[in-house]
Amino acid sequence: MTDPRQIHISDYLYDLPDAQIARHPLAQRDACRLLVSDGDYIDDRVFSELPALLPDNSILVYNNTRVVNARLFFQKDTGANIEIFCLEPECPADYERNFASTEGVAWKCLVGNSKKWKSGTLTRRLSVDGKTVVLSAARREKGADASWTVDFSWDDSTVPFAHIIEAAGVIPIPPYLNRDTEDSDAQDYQTVFSRIDGSVAAPTAGLHFTPEVLDAIDRRGLLRREVTLHVGAGTFRPVKSEKIGDHPMHSEYIVVPRDLIAELAGTERPVIAVGTTSVRTLESLYHIGCLMS
């Protein structure tokens, strides 16, 4: 078997016409096309047919992460515009505690136009829950991966950071869409089962599900289970190395309930992972187990 680290990126280059990139989802999400293959044939279907195509007695595992408004914009007194892209929490490092904090937080961030922000604190007035709140951002050290540690504070201790970032930021859409974030992205760029704040990009395979598709899965008696993987900004990072093994990978935060691990370990049912985020979450469990054993 070929060592995957030796795979050449050039073997996977292909032409993707710009006209084939959808800038917005269909009005009916499950009306999109679905490619079906069992290894011997390829069939062109519609996503709404998915429930009937899943194996009997299977367990569907999907990612319940929710995309946060991770792109924050400030303007200095000089008029320079500064963009802060929140990547992952540093203090508190736990996502839930960070978003619940009312005392200030620190995040690992990318900073756009950083040359214009050499020192000092950035401030911005926000309307949060009907109140005016002043948000401040102070930059600390720069990391080896070009990210910065940024301290956020605000002048109202009754407001959690989850409400601050919701009011101050915008959804970070993928750069290959070649457009600015729009108001509709706040809804379009979330899955119907998103509920745990933390991602800076959507688990895109889940975007095609609708309540009707989930209901049809339930009617077939299939099991639905949730994991959490907060997608990091590394998903936007282009691969510039010649071989996969030379590409620096980023880490991502996952949560898998203990009872789900036990259920999956003891089942003979087919386990169907929705998208690459769910796949790599489940695959990571084995490697984490090896490291802990």
# chains A, B, ... in the order shown; residues from 1 in each chain; ligands from 1

$ residues_around --residues "Arg269 of chain A" --least-positions-apart "3" --cutoff "8 Å" --atoms "only C-alpha atoms" --output "VMD selection string"
chain A and resid 57 to 59

$ residues_around --residues "segment 114-116 of chain A" --least-positions-apart "4" --cutoff "9 Å" --atoms "only C-alpha atoms" --output "mmCIF file with N, CA and C atoms, in the first residue's frame"
data_model
loop_
_atom_site.group_PDB
_atom_site.id
_atom_site.type_symbol
_atom_site.label_atom_id
_atom_site.label_comp_id
_atom_site.auth_asym_id
_atom_site.auth_seq_id
_atom_site.Cartn_x
_atom_site.Cartn_y
_atom_site.Cartn_z
ATOM 1 N N LYS A 76 -9.515 51.768 12.591
ATOM 2 C CA LYS A 76 -8.663 52.587 13.454
ATOM 3 C C LYS A 76 -9.024 54.066 13.293
ATOM 4 N N ALA A 80 -7.813 53.198 8.824
ATOM 5 C CA ALA A 80 -7.403 51.874 8.339
ATOM 6 C C ALA A 80 -8.387 50.806 8.805
ATOM 7 N N ASN A 81 -8.776 49.926 7.895
ATOM 8 C CA ASN A 81 -9.686 48.840 8.213
ATOM 9 C C ASN A 81 -8.895 47.600 8.614
ATOM 10 N N ILE A 82 -9.272 46.991 9.721
ATOM 11 C CA ILE A 82 -8.614 45.804 10.243
ATOM 12 C C ILE A 82 -9.641 44.672 10.330
ATOM 13 N N GLU A 83 -9.305 43.524 9.776
ATOM 14 C CA GLU A 83 -10.176 42.345 9.880
ATOM 15 C C GLU A 83 -9.539 41.338 10.826
ATOM 16 N N LEU A 110 -6.436 35.191 12.737
ATOM 17 C CA LEU A 110 -5.724 35.781 11.614
ATOM 18 C C LEU A 110 -6.101 37.250 11.558
#

$ closest_residue --among "A:Leu72, A:Leu87, A:Val133, A:Val213" --to "Pro51 of chain A" --atoms "only C-alpha atoms"
A:Val213

$ select_by_dssp --residues "segment 94-124 of chain A" --states "alpha helix (DSSP H)" --output "list in words"
Tyr95, Glu96, Arg97, Asn98, Phe99 and Ala100 of chain A

$ write_last_selection --atoms "all heavy atoms" --output "tab-separated table (two decimals), in the first residue's frame"
chain	number	residue	atom	x	y	z
A	95	TYR	N	-14.64	25.62	24.09
A	95	TYR	CA	-15.57	26.44	23.31
A	95	TYR	C	-16.77	26.89	24.14
A	95	TYR	O	-17.16	28.07	24.11
A	95	TYR	CB	-16.05	25.67	22.08
A	95	TYR	CG	-15.08	25.66	20.92
A	95	TYR	CD1	-14.04	24.76	20.86
A	95	TYR	CD2	-15.22	26.57	19.88
A	95	TYR	CE1	-13.15	24.75	19.80
A	95	TYR	CE2	-14.35	26.58	18.79
A	95	TYR	CZ	-13.31	25.66	18.76
A	95	TYR	OH	-12.44	25.66	17.70
A	96	GLU	N	-17.39	25.95	24.84
A	96	GLU	CA	-18.61	26.29	25.58
A	96	GLU	C	-18.34	27.34	26.65
A	96	GLU	O	-19.10	28.31	26.79
A	96	GLU	CB	-19.18	25.02	26.21
A	96	GLU	CG	-20.54	25.24	26.88
A	96	GLU	CD	-21.16	23.95	27.35
A	96	GLU	OE1	-20.60	22.86	27.08
A	96	GLU	OE2	-22.22	24.02	28.01
A	97	ARG	N	-17.25	27.18	27.39
A	97	ARG	CA	-16.91	28.14	28.43
A	97	ARG	C	-16.53	29.49	27.82
A	97	ARG	O	-16.84	30.55	28.38
A	97	ARG	CB	-15.76	27.62	29.28
A	97	ARG	CG	-16.12	26.46	30.19
A	97	ARG	CD	-14.90	25.99	30.95
A	97	ARG	NE	-14.27	27.09	31.69
A	97	ARG	CZ	-12.97	27.18	31.90
A	97	ARG	NH1	-12.13	26.28	31.41
A	97	ARG	NH2	-12.48	28.20	32.60
A	98	ASN	N	-15.85	29.47	26.67
A	98	ASN	CA	-15.44	30.71	26.02
A	98	ASN	C	-16.66	31.51	25.58
A	98	ASN	O	-16.75	32.72	25.85
A	98	ASN	CB	-14.53	30.40	24.84
A	98	ASN	CG	-13.81	31.62	24.31
A	98	ASN	OD1	-14.43	32.48	23.69
A	98	ASN	ND2	-12.51	31.71	24.55
A	99	PHE	N	-17.59	30.86	24.91
A	99	PHE	CA	-18.77	31.57	24.42
A	99	PHE	C	-19.66	32.04	25.57
A	99	PHE	O	-20.39	33.03	25.43
A	99	PHE	CB	-19.57	30.69	23.46
A	99	PHE	CG	-18.94	30.55	22.10
A	99	PHE	CD1	-18.60	29.31	21.59
A	99	PHE	CD2	-18.70	31.67	21.32
A	99	PHE	CE1	-18.01	29.18	20.34
A	99	PHE	CE2	-18.11	31.56	20.06
A	99	PHE	CZ	-17.77	30.30	19.57
A	100	ALA	N	-19.61	31.35	26.71
A	100	ALA	CA	-20.43	31.74	27.85
A	100	ALA	C	-19.78	32.83	28.69
A	100	ALA	O	-20.44	33.44	29.54
A	100	ALA	CB	-20.71	30.52	28.73

$ closest_residue --among "A:Val192, A:Leu291, A:Cys109, A:Leu16" --to "Gly143 of chain A" --atoms "only C-alpha atoms"
A:Cys109

$ atom_distance --atom1 "atom CA of Thr210 of chain A" --atom2 "atom CA of Ile164 of chain A"
29.2 Å

$ residues_around --residues "Val274 of chain A" --least-positions-apart "3" --cutoff "10 Å" --atoms "only C-alpha atoms" --output "CSV table (one decimal) with C-alpha atoms, in the first residue's frame"
chain,number,residue,atom,x,y,z
A,60,LEU,CA,-26.3,7.9,10.2
A,61,VAL,CA,-23.7,10.0,11.9
A,62,TYR,CA,-23.6,13.8,11.3
A,63,ASN,CA,-21.8,16.9,12.6
A,203,PRO,CA,-19.7,20.9,7.2
A,204,THR,CA,-20.9,21.2,3.6
A,205,ALA,CA,-22.2,17.7,3.0
A,206,GLY,CA,-24.8,18.4,5.7
A,271,VAL,CA,-22.4,3.2,10.0
A,277,THR,CA,-15.9,16.1,9.0
A,278,SER,CA,-17.9,13.2,10.4
A,279,VAL,CA,-15.5,10.7,8.8

$ residues_around --residues "Glu141 of chain A" --least-positions-apart "5" --cutoff "12 Å" --atoms "only C-alpha atoms" --output "list in words"
Ala106, Trp107, Lys108, Cys109, Leu110, Val111, Lys118, Ser119, Ala146, Ser147, Trp148, Thr149, Val150 and Asp151 of chain A
